[in-house]
file start_37.pdb (PDB, C-alpha atoms)
ATOM      1  CA  GLY P   1      44.957   5.707  28.862  1.00  0.00           C
ATOM      2  CA  GLU P   2      43.959   5.151  25.270  1.00  0.00           C
ATOM      3  CA  ASN P   3      40.311   4.606  24.337  1.00  0.00           C
ATOM      4  CA  VAL P   4      39.252   3.292  20.919  1.00  0.00           C
ATOM      5  CA  GLU P   5      35.672   3.556  19.684  1.00  0.00           C
ATOM      6  CA  GLN P   6      34.568   1.439  16.712  1.00  0.00           C
ATOM      7  CA  HIS P   7      31.435   1.679  14.561  1.00  0.00           C
ATOM      8  CA  PRO P   8      29.263   0.023  13.474  1.00  0.00           C
ATOM      9  CA  SER P   9      29.034  -3.041  15.694  1.00  0.00           C
ATOM     10  CA  THR P  10      27.362  -4.977  12.862  1.00  0.00           C
ATOM     11  CA  LEU P  11      27.566  -4.297   9.133  1.00  0.00           C
ATOM     12  CA  SER P  12      25.676  -6.249   6.493  1.00  0.00           C
ATOM     13  CA  VAL P  13      26.520  -5.633   2.828  1.00  0.00           C
ATOM     14  CA  GLN P  14      25.693  -7.309  -0.454  1.00  0.00           C
ATOM     15  CA  GLU P  15      28.444  -9.353  -2.032  1.00  0.00           C
ATOM     16  CA  GLY P  16      30.409  -7.119  -4.391  1.00  0.00           C
ATOM     17  CA  ASP P  17      29.590  -3.911  -2.527  1.00  0.00           C
ATOM     18  CA  SER P  18      32.023  -1.954  -0.362  1.00  0.00           C
ATOM     19  CA  ALA P  19      32.241  -1.957   3.426  1.00  0.00           C
ATOM     20  CA  VAL P  20      33.585   0.802   5.650  1.00  0.00           C
ATOM     21  CA  ILE P  21      34.393   0.485   9.344  1.00  0.00           C
ATOM     22  CA  LYS P  22      35.351   3.539  11.382  1.00  0.00           C
ATOM     23  CA  CYS P  23      37.375   3.998  14.548  1.00  0.00           C
ATOM     24  CA  THR P  24      38.315   6.954  16.713  1.00  0.00           C
ATOM     25  CA  TYR P  25      41.072   7.106  19.297  1.00  0.00           C
ATOM     26  CA  SER P  26      41.664   9.424  22.221  1.00  0.00           C
ATOM     27  CA  ASP P  27      45.427   9.521  22.841  1.00  0.00           C
ATOM     28  CA  SER P  28      47.272  11.786  20.427  1.00  0.00           C
ATOM     29  CA  ALA P  29      50.505   9.927  21.306  1.00  0.00           C
ATOM     30  CA  SER P  30      49.238   6.801  19.518  1.00  0.00           C
ATOM     31  CA  ASN P  31      51.087   6.357  16.245  1.00  0.00           C
ATOM     32  CA  TYR P  32      50.366   2.827  15.071  1.00  0.00           C
ATOM     33  CA  PHE P  33      46.926   1.607  13.946  1.00  0.00           C
ATOM     34  CA  PRO P  34      46.465  -2.030  12.889  1.00  0.00           C
ATOM     35  CA  TRP P  35      43.338  -3.840  11.774  1.00  0.00           C
ATOM     36  CA  TYR P  36      42.664  -7.475  12.632  1.00  0.00           C
ATOM     37  CA  LYS P  37      40.236  -9.977  11.152  1.00  0.00           C
ATOM     38  CA  GLN P  38      38.973 -12.725  13.420  1.00  0.00           C
ATOM     39  CA  GLU P  39      37.009 -15.669  12.121  1.00  0.00           C
ATOM     40  CA  LEU P  40      34.978 -17.758  14.526  1.00  0.00           C
ATOM     41  CA  GLY P  41      37.208 -19.858  16.752  1.00  0.00           C
ATOM     42  CA  LYS P  42      40.405 -18.482  15.215  1.00  0.00           C
ATOM     43  CA  ARG P  43      43.097 -16.098  16.365  1.00  0.00           C
ATOM     44  CA  PRO P  44      43.041 -12.428  15.263  1.00  0.00           C
ATOM     45  CA  GLN P  45      44.880 -12.031  11.959  1.00  0.00           C
ATOM     46  CA  LEU P  46      46.665  -8.801  11.055  1.00  0.00           C
ATOM     47  CA  ILE P  47      45.307  -7.645   7.696  1.00  0.00           C
ATOM     48  CA  ILE P  48      46.624  -4.107   7.319  1.00  0.00           C
ATOM     49  CA  ASP P  49      48.149  -1.364   9.416  1.00  0.00           C
ATOM     50  CA  ILE P  50      49.019   2.301   9.143  1.00  0.00           C
ATOM     51  CA  ARG P  51      51.440   4.553  10.943  1.00  0.00           C
ATOM     52  CA  SER P  52      50.872   8.160  11.847  1.00  0.00           C
ATOM     53  CA  ASN P  53      53.243   9.504   9.201  1.00  0.00           C
ATOM     54  CA  VAL P  54      50.999   8.124   6.427  1.00  0.00           C
ATOM     55  CA  GLY P  55      47.473   9.174   5.438  1.00  0.00           C
ATOM     56  CA  GLU P  56      46.399   6.153   3.427  1.00  0.00           C
ATOM     57  CA  LYS P  57      47.558   2.634   2.657  1.00  0.00           C
ATOM     58  CA  LYS P  58      46.178   0.066   0.231  1.00  0.00           C
ATOM     59  CA  ASP P  59      46.617  -3.671  -0.172  1.00  0.00           C
ATOM     60  CA  GLN P  60      44.549  -5.122  -3.003  1.00  0.00           C
ATOM     61  CA  ARG P  61      40.882  -4.853  -1.936  1.00  0.00           C
ATOM     62  CA  ILE P  62      41.512  -3.340   1.476  1.00  0.00           C
ATOM     63  CA  ALA P  63      42.625   0.141   2.382  1.00  0.00           C
ATOM     64  CA  VAL P  64      43.028   2.129   5.557  1.00  0.00           C
ATOM     65  CA  THR P  65      42.862   5.897   5.952  1.00  0.00           C
ATOM     66  CA  LEU P  66      44.056   7.961   8.902  1.00  0.00           C
ATOM     67  CA  ASN P  67      43.115  11.482   9.924  1.00  0.00           C
ATOM     68  CA  LYS P  68      45.479  12.440  12.746  1.00  0.00           C
ATOM     69  CA  THR P  69      43.856  15.802  13.349  1.00  0.00           C
ATOM     70  CA  ALA P  70      40.442  14.265  13.905  1.00  0.00           C
ATOM     71  CA  LYS P  71      41.940  11.139  15.525  1.00  0.00           C
ATOM     72  CA  HIS P  72      40.050   8.716  13.382  1.00  0.00           C
ATOM     73  CA  PHE P  73      40.932   5.931  11.002  1.00  0.00           C
ATOM     74  CA  SER P  74      38.849   3.736   8.734  1.00  0.00           C
ATOM     75  CA  LEU P  75      39.006   0.357   7.021  1.00  0.00           C
ATOM     76  CA  HIS P  76      37.645   0.110   3.481  1.00  0.00           C
ATOM     77  CA  ILE P  77      36.957  -3.222   1.816  1.00  0.00           C
ATOM     78  CA  THR P  78      35.942  -3.127  -1.838  1.00  0.00           C
ATOM     79  CA  GLU P  79      34.320  -5.850  -3.953  1.00  0.00           C
ATOM     80  CA  THR P  80      33.374  -7.801  -0.847  1.00  0.00           C
ATOM     81  CA  GLN P  81      33.354 -11.586  -0.997  1.00  0.00           C
ATOM     82  CA  PRO P  82      31.779 -14.228   1.252  1.00  0.00           C
ATOM     83  CA  GLU P  83      35.171 -14.977   2.801  1.00  0.00           C
ATOM     84  CA  ASP P  84      35.305 -11.398   4.083  1.00  0.00           C
ATOM     85  CA  SER P  85      32.607 -12.306   6.610  1.00  0.00           C
ATOM     86  CA  ALA P  86      34.260 -12.086  10.053  1.00  0.00           C
ATOM     87  CA  VAL P  87      34.705  -9.808  13.043  1.00  0.00           C
ATOM     88  CA  TYR P  88      37.076  -6.910  12.386  1.00  0.00           C
ATOM     89  CA  PHE P  89      38.926  -5.110  15.170  1.00  0.00           C
ATOM     90  CA  CYS P  90      40.733  -1.815  14.980  1.00  0.00           C
ATOM     91  CA  ALA P  91      43.475  -1.031  17.473  1.00  0.00           C
ATOM     92  CA  ALA P  92      45.819   1.755  18.477  1.00  0.00           C
ATOM     93  CA  GLU P  93      49.232   1.807  20.078  1.00  0.00           C
ATOM     94  CA  MET P  94      52.037   4.185  20.941  1.00  0.00           C
ATOM     95  CA  TYR P  95      55.174   2.679  19.486  1.00  0.00           C
ATOM     96  CA  SER P  96      58.718   3.962  19.746  1.00  0.00           C
ATOM     97  CA  GLY P  97      62.118   2.520  18.963  1.00  0.00           C
ATOM     98  CA  GLY P  98      62.340   1.444  22.592  1.00  0.00           C
ATOM     99  CA  GLY P  99      59.187  -0.611  22.475  1.00  0.00           C
ATOM    100  CA  ALA P 100      55.419  -0.511  22.424  1.00  0.00           C
ATOM    101  CA  ASP P 101      52.657   0.064  24.941  1.00  0.00           C
ATOM    102  CA  GLY P 102      50.521  -2.816  23.735  1.00  0.00           C
ATOM    103  CA  LEU P 103      47.356  -2.570  21.651  1.00  0.00           C
ATOM    104  CA  THR P 104      44.084  -0.991  22.723  1.00  0.00           C
ATOM    105  CA  PHE P 105      41.276  -2.542  20.712  1.00  0.00           C
ATOM    106  CA  GLY P 106      37.907  -1.309  19.556  1.00  0.00           C
ATOM    107  CA  LYS P 107      34.878  -3.446  20.373  1.00  0.00           C
ATOM    108  CA  GLY P 108      34.774  -5.021  16.939  1.00  0.00           C
ATOM    109  CA  THR P 109      32.528  -5.007  13.870  1.00  0.00           C
ATOM    110  CA  HIS P 110      30.731  -8.130  12.737  1.00  0.00           C
ATOM    111  CA  LEU P 111      30.812  -7.918   8.941  1.00  0.00           C
ATOM    112  CA  ILE P 112      28.225 -10.029   7.163  1.00  0.00           C
ATOM    113  CA  ILE P 113      28.450 -10.470   3.391  1.00  0.00           C
ATOM    114  CA  GLN P 114      25.039 -11.299   1.936  1.00  0.00           C
ATOM    115  CA  PRO P 115      25.153 -13.492  -1.195  1.00  0.00           C
TER     116      PRO P 115
ATOM    117  CA  SER F   1      55.501 -13.690  10.592  1.00  0.00           C
ATOM    118  CA  ALA F   2      56.596 -15.737  13.601  1.00  0.00           C
ATOM    119  CA  VAL F   3      55.121 -19.133  14.417  1.00  0.00           C
ATOM    120  CA  ILE F   4      53.493 -18.901  17.830  1.00  0.00           C
ATOM    121  CA  SER F   5      52.115 -21.797  19.852  1.00  0.00           C
ATOM    122  CA  GLN F   6      50.238 -21.935  23.125  1.00  0.00           C
ATOM    123  CA  LYS F   7      49.629 -24.726  25.605  1.00  0.00           C
ATOM    124  CA  PRO F   8      47.113 -25.848  26.600  1.00  0.00           C
ATOM    125  CA  SER F   9      44.692 -25.029  23.807  1.00  0.00           C
ATOM    126  CA  ARG F  10      41.792 -25.361  26.224  1.00  0.00           C
ATOM    127  CA  ASP F  11      41.131 -26.409  29.783  1.00  0.00           C
ATOM    128  CA  ILE F  12      38.299 -26.754  32.249  1.00  0.00           C
ATOM    129  CA  CYS F  13      39.330 -25.905  35.804  1.00  0.00           C
ATOM    130  CA  GLN F  14      37.768 -25.847  39.224  1.00  0.00           C
ATOM    131  CA  ARG F  15      37.339 -22.543  40.985  1.00  0.00           C
ATOM    132  CA  GLY F  16      40.131 -21.747  43.423  1.00  0.00           C
ATOM    133  CA  THR F  17      42.801 -23.525  41.391  1.00  0.00           C
ATOM    134  CA  SER F  18      45.503 -22.048  39.146  1.00  0.00           C
ATOM    135  CA  LEU F  19      46.435 -22.653  35.516  1.00  0.00           C
ATOM    136  CA  THR F  20      49.690 -21.805  33.780  1.00  0.00           C
ATOM    137  CA  ILE F  21      49.531 -21.032  30.071  1.00  0.00           C
ATOM    138  CA  GLN F  22      52.656 -21.331  27.950  1.00  0.00           C
ATOM    139  CA  CYS F  23      53.531 -19.299  24.871  1.00  0.00           C
ATOM    140  CA  GLN F  24      56.356 -20.395  22.577  1.00  0.00           C
ATOM    141  CA  VAL F  25      57.743 -18.513  19.555  1.00  0.00           C
ATOM    142  CA  ASP F  26      59.979 -19.946  16.858  1.00  0.00           C
ATOM    143  CA  SER F  27      62.273 -16.911  16.812  1.00  0.00           C
ATOM    144  CA  GLN F  28      63.662 -14.491  19.346  1.00  0.00           C
ATOM    145  CA  VAL F  29      61.406 -11.544  20.074  1.00  0.00           C
ATOM    146  CA  THR F  30      61.877  -8.680  22.474  1.00  0.00           C
ATOM    147  CA  MET F  31      58.284  -7.864  23.268  1.00  0.00           C
ATOM    148  CA  MET F  32      55.537 -10.296  24.190  1.00  0.00           C
ATOM    149  CA  PHE F  33      52.060  -9.417  25.339  1.00  0.00           C
ATOM    150  CA  TRP F  34      49.195 -11.213  27.029  1.00  0.00           C
ATOM    151  CA  TYR F  35      45.566 -10.433  26.197  1.00  0.00           C
ATOM    152  CA  ARG F  36      42.204 -11.663  27.383  1.00  0.00           C
ATOM    153  CA  GLN F  37      39.163 -12.063  25.160  1.00  0.00           C
ATOM    154  CA  GLN F  38      35.935 -12.758  26.986  1.00  0.00           C
ATOM    155  CA  PRO F  39      33.248 -14.635  25.037  1.00  0.00           C
ATOM    156  CA  GLY F  40      31.925 -12.545  22.167  1.00  0.00           C
ATOM    157  CA  GLN F  41      33.970  -9.524  23.147  1.00  0.00           C
ATOM    158  CA  SER F  42      37.065  -7.609  22.189  1.00  0.00           C
ATOM    159  CA  LEU F  43      40.636  -8.122  23.331  1.00  0.00           C
ATOM    160  CA  THR F  44      41.987  -6.501  26.487  1.00  0.00           C
ATOM    161  CA  LEU F  45      45.679  -6.156  27.235  1.00  0.00           C
ATOM    162  CA  ILE F  46      46.673  -7.830  30.500  1.00  0.00           C
ATOM    163  CA  ALA F  47      50.404  -7.128  30.566  1.00  0.00           C
ATOM    164  CA  THR F  48      53.579  -6.617  28.581  1.00  0.00           C
ATOM    165  CA  ALA F  49      56.352  -9.148  29.166  1.00  0.00           C
ATOM    166  CA  ASN F  50      59.885  -8.223  28.178  1.00  0.00           C
ATOM    167  CA  GLN F  51      62.805 -10.514  28.791  1.00  0.00           C
ATOM    168  CA  GLY F  52      64.977  -9.447  31.677  1.00  0.00           C
ATOM    169  CA  SER F  53      62.470  -7.132  33.309  1.00  0.00           C
ATOM    170  CA  GLU F  54      59.325  -7.340  35.373  1.00  0.00           C
ATOM    171  CA  ALA F  55      56.056  -7.538  33.480  1.00  0.00           C
ATOM    172  CA  THR F  56      54.081  -4.307  33.163  1.00  0.00           C
ATOM    173  CA  TYR F  57      50.397  -4.738  34.050  1.00  0.00           C
ATOM    174  CA  GLU F  58      47.444  -2.755  32.747  1.00  0.00           C
ATOM    175  CA  SER F  59      44.902  -1.145  34.997  1.00  0.00           C
ATOM    176  CA  GLY F  60      42.645  -3.786  36.503  1.00  0.00           C
ATOM    177  CA  PHE F  61      45.198  -6.590  36.321  1.00  0.00           C
ATOM    178  CA  VAL F  62      47.584  -7.411  39.171  1.00  0.00           C
ATOM    179  CA  ILE F  63      50.640  -9.590  39.496  1.00  0.00           C
ATOM    180  CA  ASP F  64      49.198 -11.689  42.311  1.00  0.00           C
ATOM    181  CA  LYS F  65      46.308 -12.764  40.090  1.00  0.00           C
ATOM    182  CA  PHE F  66      48.215 -13.014  36.785  1.00  0.00           C
ATOM    183  CA  PRO F  67      51.890 -13.728  37.459  1.00  0.00           C
ATOM    184  CA  ILE F  68      53.973 -13.752  34.288  1.00  0.00           C
ATOM    185  CA  SER F  69      57.381 -15.202  33.546  1.00  0.00           C
ATOM    186  CA  ARG F  70      59.646 -14.372  30.617  1.00  0.00           C
ATOM    187  CA  PRO F  71      62.777 -16.488  31.065  1.00  0.00           C
ATOM    188  CA  ASN F  72      64.129 -16.033  27.530  1.00  0.00           C
ATOM    189  CA  LEU F  73      63.412 -14.418  24.166  1.00  0.00           C
ATOM    190  CA  THR F  74      61.224 -17.251  22.845  1.00  0.00           C
ATOM    191  CA  PHE F  75      59.027 -18.213  25.798  1.00  0.00           C
ATOM    192  CA  SER F  76      56.601 -16.767  28.325  1.00  0.00           C
ATOM    193  CA  THR F  77      54.024 -18.066  30.765  1.00  0.00           C
ATOM    194  CA  LEU F  78      50.882 -16.522  32.217  1.00  0.00           C
ATOM    195  CA  THR F  79      49.341 -18.005  35.348  1.00  0.00           C
ATOM    196  CA  VAL F  80      45.708 -17.411  36.202  1.00  0.00           C
ATOM    197  CA  SER F  81      45.580 -17.782  39.983  1.00  0.00           C
ATOM    198  CA  ASN F  82      42.764 -18.597  42.379  1.00  0.00           C
ATOM    199  CA  MET F  83      40.344 -18.856  39.486  1.00  0.00           C
ATOM    200  CA  SER F  84      36.677 -17.911  39.558  1.00  0.00           C
ATOM    201  CA  PRO F  85      34.021 -18.339  36.831  1.00  0.00           C
ATOM    202  CA  GLU F  86      34.642 -14.696  35.831  1.00  0.00           C
ATOM    203  CA  ASP F  87      38.102 -15.765  34.620  1.00  0.00           C
ATOM    204  CA  SER F  88      36.517 -17.902  31.899  1.00  0.00           C
ATOM    205  CA  SER F  89      37.974 -16.398  28.731  1.00  0.00           C
ATOM    206  CA  ILE F  90      40.322 -16.948  25.869  1.00  0.00           C
ATOM    207  CA  TYR F  91      43.867 -15.951  26.791  1.00  0.00           C
ATOM    208  CA  LEU F  92      46.136 -14.990  23.903  1.00  0.00           C
ATOM    209  CA  CYS F  93      49.789 -14.172  23.730  1.00  0.00           C
ATOM    210  CA  SER F  94      51.157 -11.956  21.023  1.00  0.00           C
ATOM    211  CA  VAL F  95      54.626 -11.044  19.856  1.00  0.00           C
ATOM    212  CA  GLU F  96      56.040  -8.043  18.125  1.00  0.00           C
ATOM    213  CA  HIS F  97      57.818  -9.300  15.034  1.00  0.00           C
ATOM    214  CA  GLY F  98      58.943  -8.030  11.685  1.00  0.00           C
ATOM    215  CA  ARG F  99      58.419  -4.384  10.887  1.00  0.00           C
ATOM    216  CA  ALA F 100      58.236  -2.195  13.957  1.00  0.00           C
ATOM    217  CA  GLY F 101      54.962  -2.495  15.795  1.00  0.00           C
ATOM    218  CA  GLU F 102      53.395  -5.494  14.026  1.00  0.00           C
ATOM    219  CA  GLN F 103      51.870  -7.882  16.517  1.00  0.00           C
ATOM    220  CA  TYR F 104      51.002 -11.487  15.770  1.00  0.00           C
ATOM    221  CA  PHE F 105      48.818 -13.630  17.966  1.00  0.00           C
ATOM    222  CA  GLY F 106      49.065 -17.142  19.245  1.00  0.00           C
ATOM    223  CA  PRO F 107      46.090 -19.486  18.798  1.00  0.00           C
ATOM    224  CA  GLY F 108      44.774 -18.776  22.279  1.00  0.00           C
ATOM    225  CA  THR F 109      43.913 -20.840  25.339  1.00  0.00           C
ATOM    226  CA  ARG F 110      40.213 -21.280  26.031  1.00  0.00           C
ATOM    227  CA  LEU F 111      39.718 -21.440  29.787  1.00  0.00           C
ATOM    228  CA  THR F 112      36.466 -22.477  31.447  1.00  0.00           C
ATOM    229  CA  VAL F 113      36.198 -22.209  35.220  1.00  0.00           C
ATOM    230  CA  THR F 114      33.451 -24.198  36.911  1.00  0.00           C
TER     231      THR F 114
END

call {"tool": "encode", "arguments": {"input": "start_37.pdb", "output": "structure tokens"}}
result
Amino acid sequence: GENVEQHPSTLSVQEGDSAVIKCTYSDSASNYFPWYKQELGKRPQLIIDIRSNVGEKKDQRIAVTLNKTAKHFSLHITETQPEDSAVYFCAAEMYSGGGADGLTFGKGTHLIIQP
Amino acid sequence: SAVISQKPSRDICQRGTSLTIQCQVDSQVTMMFWYRQQPGQSLTLIATANQGSEATYESGFVIDKFPISRPNLTFSTLTVSNMSPEDSSIYLCSVEHGRAGEQYFGPGTRLTVT
């Protein structure tokens, strides 16, 4: 089955700086890679995703890049703000028109924004 | 995104008993999933529940322990059977909705087994 590795487990950055979280996956059949943000006591919230036919995707201050050959994808957050502090999870899934396998998650990154 | 609700939001149960968790969506969805999130950890897929077919369980999860129902396109239940303290976790349902592959999560059910 799929295995997703995520690094680092904790990331502390100064407010206004950029943060990068990296994930690798093992199953070359995976073709859908979402990122979730989870605040304490809340449900995971989908913040951005990328599919295997795309190399990069941006949405305001967040971006995701995918390298299919190396089987890794990264989340980039620019101009970090205190409200970016949360746990971020990457995930991978094999999705086809007939359905999806379900998400395999990385272990999570606790992002701390220092004022 | 879909509006997803779960009942109960939390419960404290005695070991050896069973708890059924409900997941309700405000629109029809084909695919629903159940995940477990142990305290301070990541999410692990328990099973995929599609309407009209048997649930598909991931390695390490069995139907006798986690029976699932999916009677229609807006509702599913997960039962945690013969509970032990190791079953203490947050149980979340998710649905695939909108563009292909996007999954949205319910608020979760926090289960404590004593």

call {"tool": "closest_residue", "arguments": {"input": "start_37.pdb", "among": "F:Ile12, F:Arg70, F:Val29, F:Ser53", "to": "Glu102 (chain F)", "atoms": "all atoms listed in the file"}}
result
F:Val29

call {"tool": "resolve_selection", "arguments": {"input": "start_37.pdb", "expression": "the ChimeraX specification (/F :<10) & /P", "output": "PyMOL selection string"}}
result
chain P and resi 1+31-34+36+40-46+48-49+51+87-91+93-97+99-109

call {"tool": "write_last_selection", "arguments": {"input": "start_37.pdb", "atoms": "C-alpha atoms", "output": "compact mmCIF listing (two decimals), in the coordinates of the input"}}
result
# COMPACT_ATOMS: atom_id res chain seq x y z
CA GLY P 1 44.96 5.71 28.86
CA ASN P 31 51.09 6.36 16.24
CA TYR P 32 50.37 2.83 15.07
CA PHE P 33 46.93 1.61 13.95
CA PRO P 34 46.46 -2.03 12.89
CA TYR P 36 42.66 -7.48 12.63
CA LEU P 40 34.98 -17.76 14.53
CA GLY P 41 37.21 -19.86 16.75
CA LYS P 42 40.40 -18.48 15.22
CA ARG P 43 43.10 -16.10 16.36
CA PRO P 44 43.04 -12.43 15.26
CA GLN P 45 44.88 -12.03 11.96
CA LEU P 46 46.66 -8.80 11.06
CA ILE P 48 46.62 -4.11 7.32
CA ASP P 49 48.15 -1.36 9.42
CA ARG P 51 51.44 4.55 10.94
CA VAL P 87 34.70 -9.81 13.04
CA TYR P 88 37.08 -6.91 12.39
CA PHE P 89 38.93 -5.11 15.17
CA CYS P 90 40.73 -1.82 14.98
CA ALA P 91 43.48 -1.03 17.47
CA GLU P 93 49.23 1.81 20.08
CA MET P 94 52.04 4.18 20.94
CA TYR P 95 55.17 2.68 19.49
CA SER P 96 58.72 3.96 19.75
CA GLY P 97 62.12 2.52 18.96
CA GLY P 99 59.19 -0.61 22.48
CA ALA P 100 55.42 -0.51 22.42
CA ASP P 101 52.66 0.06 24.94
CA GLY P 102 50.52 -2.82 23.74
CA LEU P 103 47.36 -2.57 21.65
CA THR P 104 44.08 -0.99 22.72
CA PHE P 105 41.28 -2.54 20.71
CA GLY P 106 37.91 -1.31 19.56
CA LYS P 107 34.88 -3.45 20.37
CA GLY P 108 34.77 -5.02 16.94
CA THR P 109 32.53 -5.01 13.87

call {"tool": "residues_around", "arguments": {"input": "start_37.pdb", "residues": "region 2-8 of chain F", "least_positions_apart": "5", "cutoff": "7 Å", "atoms": "all atoms listed in the file", "output": "PyMOL selection string"}}
result
chain F and resi 21-27+97+106-109

call {"tool": "resolve_selection", "arguments": {"input": "start_37.pdb", "expression": "the PyMOL selection byres ((chain P and resi 61-70) around 12)", "output": "PDB file with C-alpha atoms, in the frame of the given file"}}
result
ATOM      1  CA  GLY P  16      30.409  -7.119  -4.391  1.00  0.00           C
ATOM      2  CA  ASP P  17      29.590  -3.911  -2.527  1.00  0.00           C
ATOM      3  CA  SER P  18      32.023  -1.954  -0.362  1.00  0.00           C
ATOM      4  CA  ALA P  19      32.241  -1.957   3.426  1.00  0.00           C
ATOM      5  CA  VAL P  20      33.585   0.802   5.650  1.00  0.00           C
ATOM      6  CA  ILE P  21      34.393   0.485   9.344  1.00  0.00           C
ATOM      7  CA  LYS P  22      35.351   3.539  11.382  1.00  0.00           C
ATOM      8  CA  CYS P  23      37.375   3.998  14.548  1.00  0.00           C
ATOM      9  CA  THR P  24      38.315   6.954  16.713  1.00  0.00           C
ATOM     10  CA  TYR P  25      41.072   7.106  19.297  1.00  0.00           C
ATOM     11  CA  SER P  26      41.664   9.424  22.221  1.00  0.00           C
ATOM     12  CA  ASP P  27      45.427   9.521  22.841  1.00  0.00           C
ATOM     13  CA  SER P  28      47.272  11.786  20.427  1.00  0.00           C
ATOM     14  CA  ALA P  29      50.505   9.927  21.306  1.00  0.00           C
ATOM     15  CA  SER P  30      49.238   6.801  19.518  1.00  0.00           C
ATOM     16  CA  ASN P  31      51.087   6.357  16.245  1.00  0.00           C
ATOM     17  CA  TYR P  32      50.366   2.827  15.071  1.00  0.00           C
ATOM     18  CA  PHE P  33      46.926   1.607  13.946  1.00  0.00           C
ATOM     19  CA  PRO P  34      46.465  -2.030  12.889  1.00  0.00           C
ATOM     20  CA  TRP P  35      43.338  -3.840  11.774  1.00  0.00           C
ATOM     21  CA  TYR P  36      42.664  -7.475  12.632  1.00  0.00           C
ATOM     22  CA  LYS P  37      40.236  -9.977  11.152  1.00  0.00           C
ATOM     23  CA  ILE P  47      45.307  -7.645   7.696  1.00  0.00           C
ATOM     24  CA  ILE P  48      46.624  -4.107   7.319  1.00  0.00           C
ATOM     25  CA  ASP P  49      48.149  -1.364   9.416  1.00  0.00           C
ATOM     26  CA  ILE P  50      49.019   2.301   9.143  1.00  0.00           C
ATOM     27  CA  ARG P  51      51.440   4.553  10.943  1.00  0.00           C
ATOM     28  CA  SER P  52      50.872   8.160  11.847  1.00  0.00           C
ATOM     29  CA  ASN P  53      53.243   9.504   9.201  1.00  0.00           C
ATOM     30  CA  VAL P  54      50.999   8.124   6.427  1.00  0.00           C
ATOM     31  CA  GLY P  55      47.473   9.174   5.438  1.00  0.00           C
ATOM     32  CA  GLU P  56      46.399   6.153   3.427  1.00  0.00           C
ATOM     33  CA  LYS P  57      47.558   2.634   2.657  1.00  0.00           C
ATOM     34  CA  LYS P  58      46.178   0.066   0.231  1.00  0.00           C
ATOM     35  CA  ASP P  59      46.617  -3.671  -0.172  1.00  0.00           C
ATOM     36  CA  GLN P  60      44.549  -5.122  -3.003  1.00  0.00           C
ATOM     37  CA  LYS P  71      41.940  11.139  15.525  1.00  0.00           C
ATOM     38  CA  HIS P  72      40.050   8.716  13.382  1.00  0.00           C
ATOM     39  CA  PHE P  73      40.932   5.931  11.002  1.00  0.00           C
ATOM     40  CA  SER P  74      38.849   3.736   8.734  1.00  0.00           C
ATOM     41  CA  LEU P  75      39.006   0.357   7.021  1.00  0.00           C
ATOM     42  CA  HIS P  76      37.645   0.110   3.481  1.00  0.00           C
ATOM     43  CA  ILE P  77      36.957  -3.222   1.816  1.00  0.00           C
ATOM     44  CA  THR P  78      35.942  -3.127  -1.838  1.00  0.00           C
ATOM     45  CA  GLU P  79      34.320  -5.850  -3.953  1.00  0.00           C
ATOM     46  CA  THR P  80      33.374  -7.801  -0.847  1.00  0.00           C
ATOM     47  CA  GLN P  81      33.354 -11.586  -0.997  1.00  0.00           C
ATOM     48  CA  ASP P  84      35.305 -11.398   4.083  1.00  0.00           C
ATOM     49  CA  CYS P  90      40.733  -1.815  14.980  1.00  0.00           C
ATOM     50  CA  ALA P  92      45.819   1.755  18.477  1.00  0.00           C
TER      51      ALA P  92
END

call {"tool": "atom_distance", "arguments": {"input": "start_37.pdb", "atom1": "CA of Glu83 (chain P)", "atom2": "CA of Ser9 (chain P)"}}
result
18.6 Å

call {"tool": "resolve_selection", "arguments": {"input": "start_37.pdb", "expression": "the PyMOL selection byres ((chain F and resi 16) around 8)", "output": "PDB file with C-alpha atoms, in the coordinates of the input"}}
result
ATOM      1  CA  GLN F  14      37.768 -25.847  39.224  1.00  0.00           C
ATOM      2  CA  ARG F  15      37.339 -22.543  40.985  1.00  0.00           C
ATOM      3  CA  THR F  17      42.801 -23.525  41.391  1.00  0.00           C
ATOM      4  CA  SER F  18      45.503 -22.048  39.146  1.00  0.00           C
ATOM      5  CA  SER F  81      45.580 -17.782  39.983  1.00  0.00           C
ATOM      6  CA  ASN F  82      42.764 -18.597  42.379  1.00  0.00           C
ATOM      7  CA  MET F  83      40.344 -18.856  39.486  1.00  0.00           C
ATOM      8  CA  SER F  84      36.677 -17.911  39.558  1.00  0.00           C
TER       9      SER F  84
END

call {"tool": "atom_distance", "arguments": {"input": "start_37.pdb", "atom1": "CA of Val113 (chain F)", "atom2": "CA of Cys93 (chain F)"}}
result
19.5 Å

call {"tool": "atom_distance", "arguments": {"input": "start_37.pdb", "atom1": "CA of Tyr57 (chain F)", "atom2": "CA of Arg10 (chain F)"}}
result
23.7 Å

call {"tool": "residues_around", "arguments": {"input": "start_37.pdb", "residues": "Ala86 (chain P)", "least_positions_apart": "2", "cutoff": "6 Å", "atoms": "only C-alpha atoms", "output": "ChimeraX atom specification"}}
result
/P:38-39,110-111
